[in-house]
Amino acid sequence: MKIPKSVSERAAHLRRAIAYHNRKYYVDDNPEVPDAEYDRLMRELEDLEAHYPELVSPDSPTQRIGAAPASGFTTVTHEQPMLSLGNAFEEQEVADFDRRVRERLTDVECITYCAEPKLDGVAVSLLYESGRLVRGATRGDGRRGEDITHNVRTIRSIPLQLEAGFGAGRVEVRGEVYMTLAGFAQLNERMTEAGQKNFVNPRNAAAGSLRQLDPRITAERPLRFFAYGLGIYEGHDVLPATQWDILEQLKAWGLPVSPLVRRCDGVEGCLDYYQKMGEQRPRLPYEIDGVVYKVDRVDWQNILGYVARAPRWAVAHKFPAQEALTKVLAIEFQVGRTGALTPVARLEPVFVGGATVSNVTLHNIDELHRKDVRVGDTAYIRRAGDVIPELVRVVEHERPPGAQPAKLPDACPVCGSAVVRPEGEAVARCSGQLSCPAQRMAAILHFAGRRAMDIDGLGDKLVAQLIEEGVIKTVADLYGLTLEQLISLPRMGEKSASNLLAAIAGSRQTTFARFLYALGILGVGEVTAQQLAAHYPRLDELMAADTEALEQVPGVGPVIATQIAAFFREPHNREVIAQLLDYGIRWSETGRETGSGELTGKTFVLTGTLEYLTREAAKEAIQVRGGKVTGSVSAKTDFVVVGENPGSKADKASRLGIPMLNEEQLLNLLQGEGDDHDT
């Protein structure tokens, strides 16, 4: 059907008018027309598009709730990582942050910061191409998030089309999706009326609303959005020079920005802003859990760069967390997947920081004793950062008579193996690593891993099934599996079962170093396993070695030596090792394993001082995975690993365009997380 020109022009006018009124209502908080008039415009546009379906476009305001329910969320890889922020809780920490900034920006006496409230919401990324919204994604783990495009399109404060003047190019807008307190209360009222469970707090409500597979449900939720920065910025000549200018540009494009953003000079200006936001916090229409300070000048941000997972040029100054009093009913020790014993206080349930807390971890025995927590105590509970429950302190004068200090158990509460705590170490662990039920899943997966016994086809779900069905209890039981046992499992066909049994059989011939690494001894990684195998060519010699003898192995200090000796002393572990040998595990004793793996064919050069690895350990780790380490940079070099105070090798690598890795990126590469570089 041919669309009359007058109809097309009217539809375009209606779209512009509705987009304008959306901005006035949701962004500027200054509506110009009553709701009835807005509804009339929307109905007219809906009628036109119903009569002329060719008029419908993805950026039409009628399409905000038009998508069908999704079957699941696909993964989005962020072209620029969405980093988290470092936290400051005390004024001195803010002063320290400012000092570090000024020290890195030499000859700068006072830094201007762009400060804004830290909303308690959900971080999202919005990708616009030629001004049109084409993708929305959650932050996820910073590298990868979930595609929530259909859901963010339903949020009326997010423009589907940026305002005139944007032009061509790609721009990634980053910001926070949140829910107002009034909207949260109304949503919970509706949930109650519908007989559904209420949300605990606005942040959870916002997160749950964004993860609805049916965008029509998201559209019914009172979600809002504030933009706070840019990621990708392509097709535009010049990036705004300051964070303040970036926010002004976002506003000019029609995106909502917090009206509470301010420029602050130095620490004093930041702390004054923090105090004012703290005073306003109870009166704000949404929840905030602190403020964020960002170095205002973008060129200075680039100079400061990043450390670990956070920028050096920004910090979140958190408000004091909420606290509440409750009773300590019991203190128990949980055994984690790595055997660590963690004291946990069981509490009389208390509502704090938007959630009911009935358990709180005390991290380790030293922390338990430092805080002197005893059964029967009255304790202050805080949700640190409004997320993790924390026992802050006990009220000693309310302690019941006869309350005794808690003691670290001598035996594992799960399997009865000896509890080992090396001198000077905070963490105590169960020594029954190969047989302890609490560690069973982790032990088997580690044993079967590609760098250990390399049993292909033995994944998380299958191991969980085998454990749940009682088919395997230790790693040795893998070698006793039968075809009948495997094909009796749900979703396990005969071919898959046969392939797995073949992989298990093939793993019987290995190397001594791989076998030692596969045992999962605390502190024994691939490099240490190589060193142990070279120093003790026979397993019985290694198992008989005491702590003093083990310390003679290069790279083995007192802590690791204690853990190795404790592992081999434990009868359960020795029994499992004997079973493995009975099942035919064998290795050559002619020398150390030659490196082969995912780094085969890659050449590395190391320069500068590394913080966590010695140069020798880094070299060894690269070689174990098949890589080559040379002393000079050439066109054949694949990567240059740069530590503190690098020499001329880094300059040469830069001139030749050779990728450079910091220590964190090297560690990620060694752990199989790829070689993408955050900048």
# chains A, B, ... in the order shown; residues from 1 in each chain; ligands from 1
>>> closest_atom_pairs(of="range 75-114 of chain A", to="range 222-240 of chain A", cutoff="12 Å", atoms="only C-alpha atoms", output="Markdown table")
| residue | atom | partner | partner_atom | distance |
| --- | --- | --- | --- | --- |
| A:His78 | CA | A:Gly231 | CA | 9.2 |
| A:Glu79 | CA | A:Ile232 | CA | 7.4 |
| A:Gln80 | CA | A:Gly231 | CA | 6.4 |
| A:Pro81 | CA | A:Gly231 | CA | 8.5 |
| A:Met82 | CA | A:Gly231 | CA | 8.1 |
| A:Leu83 | CA | A:Gly231 | CA | 10.6 |
| A:Cys114 | CA | A:Tyr228 | CA | 10.6 |
>>> select_by_dssp(residues="range 376-539 of chain A", states="alpha helix (DSSP H)", output="ChimeraX atom specification")
/A:440-448,460-468,483-487,494-506,512-518,526-535,539
>>> select_by_dssp(residues="range 80-205 of chain A", states="strand (DSSP E or B)", output="ChimeraX atom specification")
/A:86-88,112-119,122-129,132-138,144-147,161,170-179
>>> residues_around(residues="Ile472 in chain A", least_positions_apart="3", cutoff="12 Å", atoms="only C-alpha atoms", output="ChimeraX atom specification")
/A:434-435,437,440-441,443-444,462-469,475-482,485-486
>>> residues_around(residues="Glu109 in chain A", least_positions_apart="6", cutoff="10 Å", atoms="only C-alpha atoms", output="JSON, numbers by chain")
{"A": [99, 102, 103, 266]}
>>> residues_around(residues="Leu181 in chain A", least_positions_apart="3", cutoff="12 Å", atoms="only C-alpha atoms", output="VMD selection string")
chain A and resid 120 to 121 178 184 to 188 200 to 203 205 to 206 222 to 224 282 to 288
>>> atom_distance(atom1="CA of Thr637 in chain A", atom2="CA of Thr603 in chain A")
5.2 Å
>>> atom_distance(atom1="CA of Phe319 in chain A", atom2="CA of Phe89 in chain A")
7.0 Å
>>> decode(residues="range 494-511 of chain A", atoms="N, CA and C atoms", output="JSON list (two decimals), in the first residue's frame")
[["chain", "number", "residue", "atom", "x", "y", "z"],
["A", 494, "GLU", "N", 25.80, -44.01, 24.34],
["A", 494, "GLU", "CA", 26.87, -45.01, 24.35],
["A", 494, "GLU", "C", 28.15, -44.46, 23.71],
["A", 495, "LYS", "N", 28.00, -43.66, 22.65],
["A", 495, "LYS", "CA", 29.18, -43.12, 21.99],
["A", 495, "LYS", "C", 29.93, -42.16, 22.90],
["A", 496, "SER", "N", 29.18, -41.26, 23.56],
["A", 496, "SER", "CA", 29.81, -40.31, 24.48],
["A", 496, "SER", "C", 30.49, -41.05, 25.63],
["A", 497, "ALA", "N", 29.82, -42.08, 26.14],
["A", 497, "ALA", "CA", 30.39, -42.85, 27.24],
["A", 497, "ALA", "C", 31.67, -43.55, 26.80],
["A", 498, "SER", "N", 31.66, -44.12, 25.60],
["A", 498, "SER", "CA", 32.85, -44.80, 25.08],
["A", 498, "SER", "C", 34.00, -43.82, 24.89],
["A", 499, "ASN", "N", 33.69, -42.63, 24.38],
["A", 499, "ASN", "CA", 34.73, -41.61, 24.20],
["A", 499, "ASN", "C", 35.35, -41.20, 25.53],
["A", 500, "LEU", "N", 34.49, -41.05, 26.56],
["A", 500, "LEU", "CA", 35.00, -40.67, 27.87],
["A", 500, "LEU", "C", 35.91, -41.76, 28.44],
["A", 501, "LEU", "N", 35.47, -43.02, 28.33],
["A", 501, "LEU", "CA", 36.29, -44.12, 28.84],
["A", 501, "LEU", "C", 37.63, -44.19, 28.10],
["A", 502, "ALA", "N", 37.61, -43.89, 26.81],
["A", 502, "ALA", "CA", 38.86, -43.87, 26.04],
["A", 502, "ALA", "C", 39.78, -42.75, 26.53],
["A", 503, "ALA", "N", 39.19, -41.59, 26.83],
["A", 503, "ALA", "CA", 39.99, -40.47, 27.34],
["A", 503, "ALA", "C", 40.59, -40.80, 28.70],
["A", 504, "ILE", "N", 39.80, -41.46, 29.55],
["A", 504, "ILE", "CA", 40.30, -41.86, 30.87],
["A", 504, "ILE", "C", 41.44, -42.86, 30.71],
["A", 505, "ALA", "N", 41.26, -43.82, 29.82],
["A", 505, "ALA", "CA", 42.30, -44.82, 29.60],
["A", 505, "ALA", "C", 43.57, -44.16, 29.07],
["A", 506, "GLY", "N", 43.41, -43.21, 28.16],
["A", 506, "GLY", "CA", 44.57, -42.53, 27.60],
["A", 506, "GLY", "C", 45.33, -41.70, 28.61],
["A", 507, "SER", "N", 44.64, -41.25, 29.66],
["A", 507, "SER", "CA", 45.30, -40.41, 30.66],
["A", 507, "SER", "C", 46.20, -41.21, 31.59],
["A", 508, "ARG", "N", 46.13, -42.54, 31.50],
["A", 508, "ARG", "CA", 46.96, -43.36, 32.40],
["A", 508, "ARG", "C", 48.45, -43.13, 32.15],
["A", 509, "GLN", "N", 48.81, -42.83, 30.90],
["A", 509, "GLN", "CA", 50.21, -42.54, 30.60],
["A", 509, "GLN", "C", 50.38, -41.02, 30.62],
["A", 510, "THR", "N", 51.15, -40.52, 31.56],
["A", 510, "THR", "CA", 51.28, -39.08, 31.75],
["A", 510, "THR", "C", 52.73, -38.75, 32.07],
["A", 511, "THR", "N", 52.96, -37.63, 32.70],
["A", 511, "THR", "CA", 54.29, -37.28, 33.20],
["A", 511, "THR", "C", 54.20, -37.11, 34.70]]
